[in-house]
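Data file: structure-v3.csv. Format and content: CSV, C-alpha atoms and all ligand atoms.
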chain,number,residue,atom,x,y,z
U,830,MET,CA,-7.9,-23.1,0.5
U,831,MET,CA,-6.9,-22.8,4.2
U,832,SER,CA,-3.4,-23.4,5.5
U,833,GLU,CA,-2.7,-22.8,9.2
U,834,HIS,CA,0.7,-21.3,8.9
U,835,CYS,CA,0.0,-19.0,6.0
U,836,ALA,CA,-0.5,-15.3,6.3
U,837,GLU,CA,-3.9,-14.1,5.2
U,838,LEU,CA,-2.1,-12.2,2.3
U,839,GLU,CA,1.5,-12.6,1.3
U,840,VAL,CA,3.0,-10.5,-1.5
U,841,LYS,CA,6.5,-11.5,-2.7
U,842,HIS,CA,8.6,-9.3,-5.0
U,843,LEU,CA,5.5,-8.0,-6.8
U,844,CYS,CA,6.1,-5.9,-9.9
U,845,LYS,CA,3.5,-4.2,-12.0
U,846,TYR,CA,4.7,-2.4,-15.1
U,847,PHE,CA,2.7,-0.7,-17.9
U,848,PRO,CA,3.8,0.0,-21.4
U,849,ALA,CA,4.4,3.8,-21.8
U,850,GLY,CA,5.1,4.0,-25.6
U,851,ARG,CA,8.3,3.9,-27.6
U,852,LYS,CA,9.7,0.9,-25.7
U,853,LYS,CA,9.4,2.7,-22.5
U,854,VAL,CA,8.0,1.1,-19.3
U,855,LEU,CA,6.2,2.7,-16.4
U,856,HIS,CA,7.3,1.0,-13.2
U,857,ALA,CA,4.1,1.4,-11.1
U,858,VAL,CA,5.1,-1.2,-8.5
U,859,ASP,CA,8.7,-2.4,-8.3
U,860,ASP,CA,9.7,-5.4,-6.2
U,861,VAL,CA,7.3,-4.9,-3.3
U,862,SER,CA,6.9,-7.6,-0.6
U,863,PHE,CA,4.8,-7.7,2.6
U,864,ARG,CA,2.6,-10.0,4.7
U,865,ILE,CA,-0.8,-9.3,6.3
U,866,GLU,CA,-1.7,-11.6,9.2
U,867,LYS,CA,-5.3,-12.6,9.9
U,868,GLY,CA,-7.1,-9.8,11.7
U,869,GLN,CA,-4.4,-7.2,11.0
U,870,THR,CA,-4.6,-4.0,9.0
U,871,LEU,CA,-1.8,-2.8,6.8
U,872,GLY,CA,-2.0,0.9,5.9
U,873,ILE,CA,-0.2,1.8,2.7
U,874,VAL,CA,0.6,5.5,2.4
U,875,GLY,CA,2.2,7.8,-0.2
U,876,GLU,CA,1.7,10.7,-2.6
U,877,SER,CA,-0.5,10.4,-5.7
U,878,GLY,CA,1.2,8.3,-8.4
U,879,CYS,CA,3.5,6.4,-5.9
U,880,GLY,CA,1.9,3.1,-6.9
U,881,LYS,CA,-0.1,2.4,-3.7
U,882,THR,CA,-3.5,1.8,-5.4
U,883,THR,CA,-1.9,-0.3,-8.2
U,884,CYS,CA,-0.1,-2.3,-5.5
U,885,GLY,CA,-3.3,-2.9,-3.7
U,886,LYS,CA,-5.3,-3.8,-6.8
U,887,THR,CA,-2.6,-6.2,-8.0
U,888,SER,CA,-2.4,-7.7,-4.6
U,889,ILE,CA,-6.0,-8.8,-4.7
U,890,GLY,CA,-6.0,-9.8,-8.3
U,891,LEU,CA,-7.9,-6.9,-9.8
U,892,LEU,CA,-4.9,-6.2,-12.0
U,893,SER,CA,-2.6,-8.8,-13.5
U,894,ARG,CA,1.0,-8.8,-12.2
U,895,THR,CA,4.1,-8.4,-14.3
U,896,SER,CA,6.1,-10.7,-11.9
U,897,GLY,CA,6.2,-11.8,-8.3
U,898,GLU,CA,3.7,-13.8,-6.2
U,899,VAL,CA,0.5,-12.9,-4.4
U,900,LEU,CA,-0.6,-15.6,-2.0
U,901,PHE,CA,-4.0,-15.5,-0.3
U,902,ARG,CA,-3.9,-18.2,2.4
U,903,GLY,CA,-1.0,-19.8,0.6
U,904,VAL,CA,-2.7,-19.9,-2.8
U,905,ASP,CA,-1.4,-17.8,-5.7
U,906,ILE,CA,-4.2,-15.4,-6.7
U,907,HIS,CA,-2.8,-14.9,-10.2
U,908,SER,CA,-2.8,-18.6,-11.0
U,909,MET,CA,-6.4,-19.3,-9.9
U,910,SER,CA,-9.0,-20.7,-12.2
U,911,LYS,CA,-12.2,-18.7,-13.1
U,912,GLN,CA,-14.1,-20.7,-10.4
U,913,GLU,CA,-11.4,-20.1,-7.8
U,914,ARG,CA,-11.4,-16.4,-8.6
U,915,PHE,CA,-15.2,-16.3,-8.1
U,916,GLU,CA,-14.8,-18.1,-4.7
U,917,LEU,CA,-12.1,-15.6,-3.8
U,918,THR,CA,-14.6,-12.8,-4.2
U,919,GLY,CA,-16.5,-14.4,-1.3
U,920,HIS,CA,-13.4,-13.9,0.9
U,921,VAL,CA,-11.9,-10.6,-0.5
U,922,GLN,CA,-14.0,-7.5,-1.1
U,923,MET,CA,-13.2,-3.9,-1.9
U,924,VAL,CA,-14.4,-0.5,-0.6
U,925,PHE,CA,-13.9,2.1,-3.4
U,926,GLN,CA,-12.5,5.6,-3.2
U,927,ASP,CA,-15.4,7.5,-4.8
U,928,PRO,CA,-18.7,6.7,-3.2
U,929,TYR,CA,-20.4,8.7,-5.9
U,930,ALA,CA,-19.0,6.8,-8.9
U,931,SER,CA,-18.9,3.3,-7.3
U,932,LEU,CA,-22.6,2.9,-6.7
U,933,ASP,CA,-25.2,2.5,-9.5
U,934,PRO,CA,-27.5,5.6,-9.2
U,935,HIS,CA,-30.4,3.7,-10.8
U,936,GLN,CA,-30.5,0.9,-8.3
U,937,LEU,CA,-32.2,0.8,-4.9
U,938,VAL,CA,-30.0,0.5,-1.9
U,939,TYR,CA,-31.7,-2.9,-1.2
U,940,ASP,CA,-30.6,-4.3,-4.6
U,941,ILE,CA,-27.1,-2.9,-4.3
U,942,ILE,CA,-26.6,-4.8,-1.0
U,943,ALA,CA,-28.6,-7.9,-2.0
U,944,GLU,CA,-26.6,-8.5,-5.1
U,945,GLY,CA,-23.6,-10.1,-3.3
U,946,ILE,CA,-26.0,-12.2,-1.1
U,947,ARG,CA,-27.6,-13.5,-4.3
U,948,ASN,CA,-24.4,-14.1,-6.3
U,949,HIS,CA,-23.0,-16.1,-3.5
U,950,LYS,CA,-26.3,-17.9,-2.7
U,951,ARG,CA,-26.1,-16.9,1.0
U,952,ALA,CA,-29.8,-16.7,1.7
U,953,LYS,CA,-32.2,-19.7,1.6
U,954,ASN,CA,-35.2,-17.5,0.6
U,955,ARG,CA,-36.3,-13.9,0.0
U,956,GLU,CA,-37.2,-13.4,3.7
U,957,GLU,CA,-33.7,-14.4,4.8
U,958,GLU,CA,-32.2,-12.2,2.2
U,959,LYS,CA,-34.3,-9.2,3.5
U,960,GLN,CA,-33.2,-10.0,7.0
U,961,MET,CA,-29.5,-10.0,5.9
U,962,VAL,CA,-29.9,-6.7,4.1
U,963,LEU,CA,-31.5,-5.0,7.1
U,964,GLU,CA,-28.8,-6.3,9.4
U,965,LEU,CA,-26.1,-5.0,7.1
U,966,LEU,CA,-27.8,-1.6,7.0
U,967,ASP,CA,-27.9,-1.5,10.8
U,968,MET,CA,-24.3,-2.6,11.0
U,969,VAL,CA,-23.1,0.4,9.0
U,970,GLY,CA,-25.4,2.9,10.8
U,971,LEU,CA,-28.2,3.2,8.3
U,972,ARG,CA,-32.0,2.7,8.9
U,973,PRO,CA,-34.3,0.0,7.5
U,974,GLU,CA,-36.3,2.6,5.4
U,975,HIS,CA,-33.0,3.5,3.6
U,976,ALA,CA,-33.3,0.2,1.8
U,977,SER,CA,-36.1,1.5,-0.5
U,978,ARG,CA,-34.3,4.7,-1.6
U,979,ASN,CA,-32.1,5.5,-4.5
U,980,VAL,CA,-28.4,6.2,-4.0
U,981,HIS,CA,-28.7,9.9,-5.2
U,982,GLU,CA,-30.8,10.6,-2.1
U,983,PHE,CA,-27.7,10.1,0.2
U,984,SER,CA,-24.7,12.2,1.2
U,985,GLY,CA,-21.1,11.1,0.5
U,986,GLY,CA,-20.7,9.6,4.0
U,987,GLN,CA,-23.9,7.7,3.7
U,988,ARG,CA,-23.0,6.4,0.3
U,989,GLN,CA,-19.7,5.2,1.6
U,990,ARG,CA,-21.7,3.3,4.4
U,991,ILE,CA,-23.7,1.7,1.6
U,992,GLY,CA,-20.5,0.8,-0.2
U,993,ILE,CA,-19.2,-0.8,3.0
U,994,ALA,CA,-22.5,-2.8,3.5
U,995,ARG,CA,-22.2,-4.0,-0.1
U,996,ALA,CA,-18.6,-5.2,0.5
U,997,LEU,CA,-19.8,-7.0,3.7
U,998,SER,CA,-22.8,-8.6,1.9
U,999,VAL,CA,-20.8,-11.7,1.0
U,1000,ASP,CA,-19.4,-12.0,4.6
U,1001,PRO,CA,-15.7,-11.5,3.5
U,1002,ASP,CA,-12.6,-12.1,5.6
U,1003,PHE,CA,-10.5,-9.4,3.9
U,1004,LEU,CA,-11.3,-5.8,2.9
U,1005,PHE,CA,-9.2,-3.8,0.5
U,1006,CYS,CA,-10.1,-0.1,1.2
U,1007,ASP,CA,-8.8,2.1,-1.6
U,1008,GLU,CA,-8.6,5.6,-0.1
U,1009,PRO,CA,-12.2,5.2,1.3
U,1010,VAL,CA,-12.3,8.6,2.9
U,1011,SER,CA,-10.3,10.9,0.6
U,1012,ALA,CA,-13.5,12.0,-1.2
U,1013,LEU,CA,-15.3,12.9,2.0
U,1014,ASP,CA,-15.4,16.0,4.2
U,1015,VAL,CA,-12.9,15.9,7.1
U,1016,SER,CA,-15.8,15.8,9.6
U,1017,ILE,CA,-17.2,12.6,8.0
U,1018,GLN,CA,-13.8,10.9,7.5
U,1019,ALA,CA,-13.4,10.1,11.2
U,1020,GLN,CA,-16.9,8.6,11.3
U,1021,ILE,CA,-16.1,6.2,8.4
U,1022,ILE,CA,-12.7,5.2,9.9
U,1023,ASN,CA,-14.3,4.6,13.3
U,1024,LEU,CA,-17.0,2.4,11.5
U,1025,LEU,CA,-14.3,0.4,9.8
U,1026,ILE,CA,-12.4,0.0,13.1
U,1027,ARG,CA,-15.5,-1.3,14.8
U,1028,LEU,CA,-16.3,-3.7,11.9
U,1029,LYS,CA,-12.8,-5.0,11.9
U,1030,LYS,CA,-13.1,-5.9,15.6
U,1031,GLN,CA,-16.6,-7.3,15.4
U,1032,ARG,CA,-16.0,-9.4,12.3
U,1033,GLY,CA,-12.3,-10.2,12.7
U,1034,LEU,CA,-11.6,-8.6,9.3
U,1035,THR,CA,-8.2,-8.4,7.8
U,1036,MET,CA,-7.6,-5.1,5.9
U,1037,MET,CA,-5.4,-3.3,3.4
U,1038,PHE,CA,-6.1,0.4,3.8
U,1039,ILE,CA,-4.7,2.9,1.2
U,1040,ALA,CA,-4.4,6.6,2.0
U,1041,HIS,CA,-2.2,9.5,0.9
U,1042,ASP,CA,-2.0,10.9,4.4
U,1043,LEU,CA,-0.3,9.4,7.5
U,1044,SER,CA,-2.9,10.9,9.8
U,1045,VAL,CA,-5.7,8.9,8.2
U,1046,VAL,CA,-4.2,5.4,8.7
U,1047,ARG,CA,-2.9,6.1,12.2
U,1048,HIS,CA,-5.7,4.5,14.3
U,1049,ILE,CA,-6.8,1.8,11.9
U,1050,SER,CA,-3.4,0.2,11.1
U,1051,ASP,CA,-1.3,-2.4,12.9
U,1052,ASN,CA,1.5,-1.9,10.4
U,1053,ILE,CA,2.2,0.8,7.9
U,1054,ALA,CA,4.0,0.7,4.6
U,1055,VAL,CA,5.2,4.0,3.0
U,1056,MET,CA,5.6,3.9,-0.8
U,1057,TYR,CA,7.5,6.2,-3.1
U,1058,LEU,CA,8.0,5.8,-6.8
U,1059,GLY,CA,6.7,2.2,-6.9
U,1060,ASN,CA,8.9,1.1,-4.0
U,1061,MET,CA,8.2,0.4,-0.4
U,1062,ILE,CA,10.7,2.7,1.4
U,1063,GLU,CA,9.6,2.1,5.0
U,1064,TYR,CA,7.6,-0.6,6.7
U,1065,SER,CA,6.9,-0.6,10.5
U,1066,PRO,CA,4.5,-1.4,13.3
U,1067,ALA,CA,2.2,1.6,13.3
U,1068,ALA,CA,3.1,3.0,16.7
U,1069,ASP,CA,6.8,2.8,16.0
U,1070,LEU,CA,6.5,4.7,12.7
U,1071,TYR,CA,4.9,7.7,14.4
U,1072,LYS,CA,7.4,7.7,17.2
U,1073,HIS,CA,10.5,7.2,15.1
U,1074,PRO,CA,10.3,7.5,11.4
U,1075,TYR,CA,13.7,6.6,9.7
U,1076,HIS,CA,13.3,7.5,6.1
U,1077,PRO,CA,13.6,11.2,5.2
U,1078,TYR,CA,10.5,11.0,3.1
U,1079,THR,CA,8.5,9.5,6.0
U,1080,GLU,CA,9.8,12.3,8.3
U,1081,ALA,CA,8.5,14.8,5.8
U,1082,LEU,CA,5.1,13.2,5.6
U,1083,LEU,CA,4.8,13.1,9.4
U,1084,SER,CA,5.9,16.7,9.8
U,1085,ALA,CA,2.9,17.7,7.6
U,1086,ILE,CA,0.3,16.2,10.0
U,1087,PRO,CA,-1.5,18.9,11.9
U,1088,ILE,CA,-1.1,18.8,15.7
U,1089,ALA,CA,-4.0,19.8,18.0
U,1090,ASP,CA,-1.7,21.1,20.8
U,1091,PRO,CA,-0.7,24.7,19.8
U,1092,ASP,CA,2.5,24.5,21.9
U,1093,LEU,CA,3.7,21.3,20.3
U,1094,ALA,CA,2.6,22.6,16.9
U,1095,GLN,CA,4.9,25.7,17.4
U,1096,GLN,CA,7.8,23.5,18.3
U,1097,ARG,CA,7.6,21.3,15.2
U,1098,LYS,CA,9.1,22.5,12.0
U,1099,PRO,CA,7.3,21.2,8.9
U,1100,ILE,CA,9.7,19.7,6.3
U,1101,ILE,CA,8.9,21.2,3.0
U,1102,LEU,CA,9.8,18.8,0.1
U,1103,GLU,CA,11.2,20.6,-2.9
U,1104,GLY,CA,10.4,19.4,-6.5
U,1105,ASP,CA,8.3,16.5,-7.6
U,1106,ALA,CA,9.0,12.8,-7.6
U,1107,PRO,CA,10.8,11.6,-10.7
U,1108,SER,CA,8.8,9.9,-13.5
U,1109,PRO,CA,8.1,6.2,-12.9
U,1110,VAL,CA,8.8,5.8,-16.6
U,1111,ASP,CA,12.4,4.6,-16.6
U,1112,PRO,CA,13.0,5.5,-12.9
U,1113,PRO,CA,16.6,6.6,-11.8
U,1114,GLU,CA,19.2,4.0,-11.0
U,1115,GLY,CA,19.8,5.1,-7.4
U,1116,CYS,CA,17.4,6.3,-4.7
U,1117,GLY,CA,14.2,7.7,-6.2
U,1118,PHE,CA,14.0,10.3,-3.5
U,1119,CYS,CA,17.6,11.6,-4.2
U,1120,ASP,CA,16.6,14.9,-5.8
U,1121,ARG,CA,14.4,15.9,-2.9
U,1122,CYS,CA,16.5,14.6,0.0
U,1123,SER,CA,18.5,17.0,2.1
U,1124,LYS,CA,20.6,14.1,3.5
U,1125,ARG,CA,21.6,12.6,0.2
U,1126,MET,CA,25.2,11.3,-0.2
U,1127,ASN,CA,27.2,10.4,-3.3
U,1128,ILE,CA,26.2,6.7,-3.1
U,1129,CYS,CA,22.5,7.6,-3.2
U,1130,ARG,CA,22.7,8.5,-7.0
U,1131,LYS,CA,24.5,5.3,-7.9
U,1132,LYS,CA,22.8,2.6,-5.9
U,1133,ARG,CA,19.2,1.9,-5.0
U,1134,PRO,CA,18.9,1.3,-1.3
U,1135,GLU,CA,17.4,-2.1,-0.3
U,1136,LEU,CA,14.6,-2.4,2.3
U,1137,ARG,CA,16.4,-3.7,5.5
U,1138,GLU,CA,15.2,-4.4,9.0
U,1139,ILE,CA,16.9,-2.0,11.4
U,1140,GLU,CA,14.7,-2.6,14.5
U,1141,ASN,CA,12.2,-5.2,15.5
U,1142,GLY,CA,9.9,-5.4,12.4
U,1143,HIS,CA,10.9,-1.8,11.3
U,1144,MET,CA,12.4,-1.8,7.9
U,1145,VAL,CA,13.8,1.1,5.8
U,1146,ALA,CA,15.3,1.5,2.4
U,1147,CYS,CA,17.9,4.3,2.9
U,1148,HIS,CA,21.7,4.3,2.7
U,1149,LEU,CA,21.8,6.4,5.9
U,1150,TYR,CA,21.2,3.2,7.9
U,1151,ASN,CA,23.6,0.9,6.2
U,1152,GLU,CA,27.0,1.0,7.9
U,1153,ILE,CA,28.9,-0.6,5.1
U,1154,GLU,CA,27.6,1.9,2.6
U,1155,ILE,CA,28.3,4.8,5.0
U,1156,LYS,CA,31.9,3.6,5.3
U,1157,GLU,CA,32.3,3.4,1.5
U,1158,GLU,CA,30.8,6.9,1.3
U,1159,LYS,CA,33.4,8.3,3.8
U,1160,LYS,CA,36.2,6.6,1.8
U,1161,THR,CA,35.0,8.1,-1.4
U,1162,ASN,CA,34.8,11.6,0.2
U,1163,GLU,CA,38.4,11.2,1.5
U,1164,VAL,CA,39.9,10.5,-1.9
S,1201,LIG,FE1,18.2,10.4,1.1
S,1201,LIG,FE2,20.1,8.8,0.2
S,1201,LIG,FE3,18.4,7.9,2.0
S,1201,LIG,FE4,17.7,8.3,-0.5
S,1201,LIG,S1,19.1,6.8,0.2
S,1201,LIG,S2,16.5,8.9,1.3
S,1201,LIG,S3,18.8,10.1,-1.0
S,1201,LIG,S4,19.8,9.6,2.3
Rewrite the coordinates I just gave you, this time as structure tokens.
Ligand code: SF4
Amino acid sequence: MMSEHCAELEVKHLCKYFPAGRKKVLHAVDDVSFRIEKGQTLGIVGESGCGKTTCGKTSIGLLSRTSGEVLFRGVDIHSMSKQERFELTGHVQMVFQDPYASLDPHQLVYDIIAEGIRNHKRAKNREEEKQMVLELLDMVGLRPEHASRNVHEFSGGQRQRIGIARALSVDPDFLFCDEPVSALDVSIQAQIINLLIRLKKQRGLTMMFIAHDLSVVRHISDNIAVMYLGNMIEYSPAADLYKHPYHPYTEALLSAIPIADPDLAQQRKPIILEGDAPSPVDPPEGCGFCDRCSKRMNICRKKRPELREIENGHMVACHLYNEIEIKEEKKTNEV
């Protein structure tokens, strides 16, 4: 399965459509491409309904694709046999959004964590299995006595720690974290993110981390993709995105992040987006952000902007950064 020159995960022109009645089609993910190198984290951010979770689930094979390719270490996930899919679960695991719904309330914590160890035959005997479970509990900040308790005895943050231990029980290389902190109190969110950052470093994990808020992915991501209406509209090394967002939608998302410094906070004007995103059922021909964009031009309604690199590794899908289209726009305005 290994190939030296392959990215850990490479997604090429991925589309995921759902039937939406009367010959209509919901474009949940529309021509999305990205790579995640080994040991890196890609944060994917956007409003509810932008397609980020569908993109993530299709990228690890939890949902079938409509078209495009998803390569894990160079092998197309969607063309794998049943046995290869099972082997893939030993490499790729998921941390779920809702720590209350994603854990069986009738199981003991021990069994929840031991299940992956058993399925993948990682332990030689019961003693070794027990040792592994206790190590995993310790790794996520829980105590040995927690193993014999039921899930309902734990808080949301502790449940998410159990969910992370379960994901790590097969010793994966890749974690798909689907909004893992959005159901938790703000005070607990930072603890879980810090835990994931530590585990990433300790175990050399590669991650895809979904969130609806740019402040959540800031410290954990090496690169960040912003999604809107099923499209990737900006992709950048994380630090660059916060310093210099190009897309008007990313600017608006960043302006909504609270700033601790009261002087800086006073200087910054939040950008209030008007209206809602259009329906992903038969999306508009031009830029999907057109109706909410204060910088829109005539061309924006007619032509969908393509994702283009405008700085080292920083890509944006917006006509504002395409000189040819700006010239055409000026000509149209002069006529
Ligand atoms: Fe705004 Fe046009 Fe850029 Fe879309 S392409 S974000 S409408 S300027």
Checklist line | Counting only C-alpha atoms and all ligand atoms, the option among U:Ser1065, U:Gly919, U:Tyr1057, U:Arg1097 closest to ligand LIG 1201 (chain S) | finding: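 Ranking U:Ser1065, U:Gly919, U:Tyr1057, U:Arg1097 by distance to ligand LIG 1201 (chain S), first place goes to U:Tyr1057.
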Margin query: I need the residue nearest Tyr846 in chain U from this list: U:Gly945, U:Asp933, U:Leu997, U:Gly1059. Use only C-alpha atoms for the distance.
Written below: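 Answer, going by the shortest atom-to-atom distance: U:Gly1059.
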Check: With distances taken over only C-alpha atoms, which of U:Gly986, U:Phe847, U:Ile941, U:Pro1001 is nearest to Glu916 in chain U?
Finding: U:Pro1001
For the contact check between range 846-957 of chain U and range 1019-1028 of chain U, emit one row per residue of range 846-957 of chain U within 12 Å, containing the shortest atom pair and the distance in Å rounded to one decimal, counting all atoms listed in the file, chain then rising number order, as CSV.
residue,atom,partner,partner_atom,distance
U:Gly868,CA,U:Leu1028,CA,11.0
U:Gln869,CA,U:Ile1026,CA,11.0
U:Thr870,CA,U:Ile1026,CA,9.7
U:Val924,CA,U:Leu1025,CA,10.4
U:Pro928,CA,U:Ile1021,CA,11.9
Can you tell me, as a PDB file with C-alpha atoms, keeping the file's coordinate frame, what residues are no more than 8 Å from range 1076-1088 of chain U when counting all atoms listed in the file, ignoring any on the same chain fewer than 2 positions away?
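So selection.pdb came out as:
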ATOM      1  CA  ASP U1042      -2.000  10.900   4.400  1.00  0.00           C
ATOM      2  CA  LEU U1043      -0.300   9.400   7.500  1.00  0.00           C
ATOM      3  CA  SER U1044      -2.900  10.900   9.800  1.00  0.00           C
ATOM      4  CA  VAL U1055       5.200   4.000   3.000  1.00  0.00           C
ATOM      5  CA  ILE U1062      10.700   2.700   1.400  1.00  0.00           C
ATOM      6  CA  GLU U1063       9.600   2.100   5.000  1.00  0.00           C
ATOM      7  CA  TYR U1071       4.900   7.700  14.400  1.00  0.00           C
ATOM      8  CA  PRO U1074      10.300   7.500  11.400  1.00  0.00           C
ATOM      9  CA  ASP U1090      -1.700  21.100  20.800  1.00  0.00           C
ATOM     10  CA  PRO U1091      -0.700  24.700  19.800  1.00  0.00           C
ATOM     11  CA  LEU U1093       3.700  21.300  20.300  1.00  0.00           C
ATOM     12  CA  ALA U1094       2.600  22.600  16.900  1.00  0.00           C
ATOM     13  CA  ARG U1097       7.600  21.300  15.200  1.00  0.00           C
ATOM     14  CA  LYS U1098       9.100  22.500  12.000  1.00  0.00           C
ATOM     15  CA  PRO U1099       7.300  21.200   8.900  1.00  0.00           C
ATOM     16  CA  ILE U1100       9.700  19.700   6.300  1.00  0.00           C
ATOM     17  CA  ILE U1101       8.900  21.200   3.000  1.00  0.00           C
ATOM     18  CA  LEU U1102       9.800  18.800   0.100  1.00  0.00           C
ATOM     19  CA  PHE U1118      14.000  10.300  -3.500  1.00  0.00           C
ATOM     20  CA  CYS U1122      16.500  14.600   0.000  1.00  0.00           C
ATOM     21  CA  LYS U1124      20.600  14.100   3.500  1.00  0.00           C
ATOM     22  CA  VAL U1145      13.800   1.100   5.800  1.00  0.00           C
ATOM     23  CA  ALA U1146      15.300   1.500   2.400  1.00  0.00           C
ATOM     24  CA  CYS U1147      17.900   4.300   2.900  1.00  0.00           C
TER      25      CYS U1147
END
List the neighbours of Gln926 in chain U out to 9 Å using all atoms listed in the file; skip same-chain residues closer than 3 positions along the sequence, and give me the result as a compact mmCIF listing (two decimals) with C-alpha atoms, keeping the file's coordinate frame.
# COMPACT_ATOMS: atom_id res chain seq x y z
CA TYR U 929 -20.40 8.70 -5.90
CA ALA U 930 -19.00 6.80 -8.90
CA SER U 931 -18.90 3.30 -7.30
CA GLN U 989 -19.70 5.20 1.60
CA CYS U 1006 -10.10 -0.10 1.20
CA ASP U 1007 -8.80 2.10 -1.60
CA GLU U 1008 -8.60 5.60 -0.10
CA PRO U 1009 -12.20 5.20 1.30
CA VAL U 1010 -12.30 8.60 2.90
CA SER U 1011 -10.30 10.90 0.60
CA ALA U 1012 -13.50 12.00 -1.20
Checklist line | Pick from U:Asn1141, U:Lys1160, U:Leu937, U:Pro1113, whichever lies nearest to ligand LIG 1201 (chain S) using only C-alpha atoms and all ligand atoms | finding: U:Pro1113
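Closest to ligand LIG 1201 (chain S) among U:Gln987, U:Ser908, U:Ser1123, U:Asn979 is U:Ser1123, based on only C-alpha atoms and all ligand atoms.
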Note to self: Tell me which residues come within 12 Å of (7.8, 4.4, 17.2), as a ChimeraX atom specification, counting all atoms listed in the file in the file's coordinates.
What the structure shows: /U:1047,1052-1053,1064-1075,1140-1143
Check: Mind pulling up the distance from CA of Val854 in chain U to CA of Gly872 in chain U?
Finding: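 Going from CA of Gly872 in chain U over to CA of Val854 in chain U, I get 27.1 Å.
Atom pair CA of Asn1151 in chain U / CA of Pro1134 in chain U: separated by 8.9 Å.
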Provide range 879-884 of chain U rebuilt to all heavy atoms, formatted as a PDB file, in the coordinates of the input.
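Once written, out_24.pdb looks like this:
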ATOM      1  N   CYS U 879       2.357   7.191  -6.506  1.00  0.00           N
ATOM      2  CA  CYS U 879       3.500   6.400  -5.900  1.00  0.00           C
ATOM      3  C   CYS U 879       3.285   4.908  -6.157  1.00  0.00           C
ATOM      4  O   CYS U 879       4.181   4.122  -5.876  1.00  0.00           O
ATOM      5  CB  CYS U 879       3.642   6.696  -4.452  1.00  0.00           C
ATOM      6  SG  CYS U 879       2.327   5.996  -3.440  1.00  0.00           S
ATOM      7  N   GLY U 880       2.107   4.500  -6.621  1.00  0.00           N
ATOM      8  CA  GLY U 880       1.900   3.100  -6.900  1.00  0.00           C
ATOM      9  C   GLY U 880       1.069   2.354  -5.864  1.00  0.00           C
ATOM     10  O   GLY U 880       0.841   1.147  -5.971  1.00  0.00           O
ATOM     11  N   LYS U 881       0.573   3.077  -4.844  1.00  0.00           N
ATOM     12  CA  LYS U 881      -0.100   2.400  -3.700  1.00  0.00           C
ATOM     13  C   LYS U 881      -1.391   1.693  -4.157  1.00  0.00           C
ATOM     14  O   LYS U 881      -1.641   0.555  -3.770  1.00  0.00           O
ATOM     15  CB  LYS U 881      -0.321   3.338  -2.546  1.00  0.00           C
ATOM     16  CG  LYS U 881      -1.115   4.594  -2.871  1.00  0.00           C
ATOM     17  CD  LYS U 881      -1.061   5.575  -1.718  1.00  0.00           C
ATOM     18  CE  LYS U 881      -1.967   6.774  -1.947  1.00  0.00           C
ATOM     19  NZ  LYS U 881      -1.638   7.599  -3.130  1.00  0.00           N
ATOM     20  N   THR U 882      -2.216   2.375  -4.963  1.00  0.00           N
ATOM     21  CA  THR U 882      -3.500   1.800  -5.400  1.00  0.00           C
ATOM     22  C   THR U 882      -3.199   0.605  -6.364  1.00  0.00           C
ATOM     23  O   THR U 882      -3.823  -0.460  -6.277  1.00  0.00           O
ATOM     24  CB  THR U 882      -4.404   2.807  -6.039  1.00  0.00           C
ATOM     25  OG1 THR U 882      -4.800   3.707  -5.004  1.00  0.00           O
ATOM     26  CG2 THR U 882      -5.647   2.181  -6.629  1.00  0.00           C
ATOM     27  N   THR U 883      -2.240   0.797  -7.270  1.00  0.00           N
ATOM     28  CA  THR U 883      -1.900  -0.300  -8.200  1.00  0.00           C
ATOM     29  C   THR U 883      -1.374  -1.485  -7.421  1.00  0.00           C
ATOM     30  O   THR U 883      -1.709  -2.633  -7.717  1.00  0.00           O
ATOM     31  CB  THR U 883      -0.810   0.204  -9.201  1.00  0.00           C
ATOM     32  OG1 THR U 883      -1.307   1.363  -9.851  1.00  0.00           O
ATOM     33  CG2 THR U 883      -0.489  -0.847 -10.244  1.00  0.00           C
ATOM     34  N   CYS U 884      -0.576  -1.210  -6.385  1.00  0.00           N
ATOM     35  CA  CYS U 884      -0.100  -2.300  -5.500  1.00  0.00           C
ATOM     36  C   CYS U 884      -1.225  -3.039  -4.892  1.00  0.00           C
ATOM     37  O   CYS U 884      -1.273  -4.274  -4.902  1.00  0.00           O
ATOM     38  CB  CYS U 884       0.871  -1.697  -4.480  1.00  0.00           C
ATOM     39  SG  CYS U 884       1.535  -2.924  -3.367  1.00  0.00           S
TER      40      CYS U 884
END
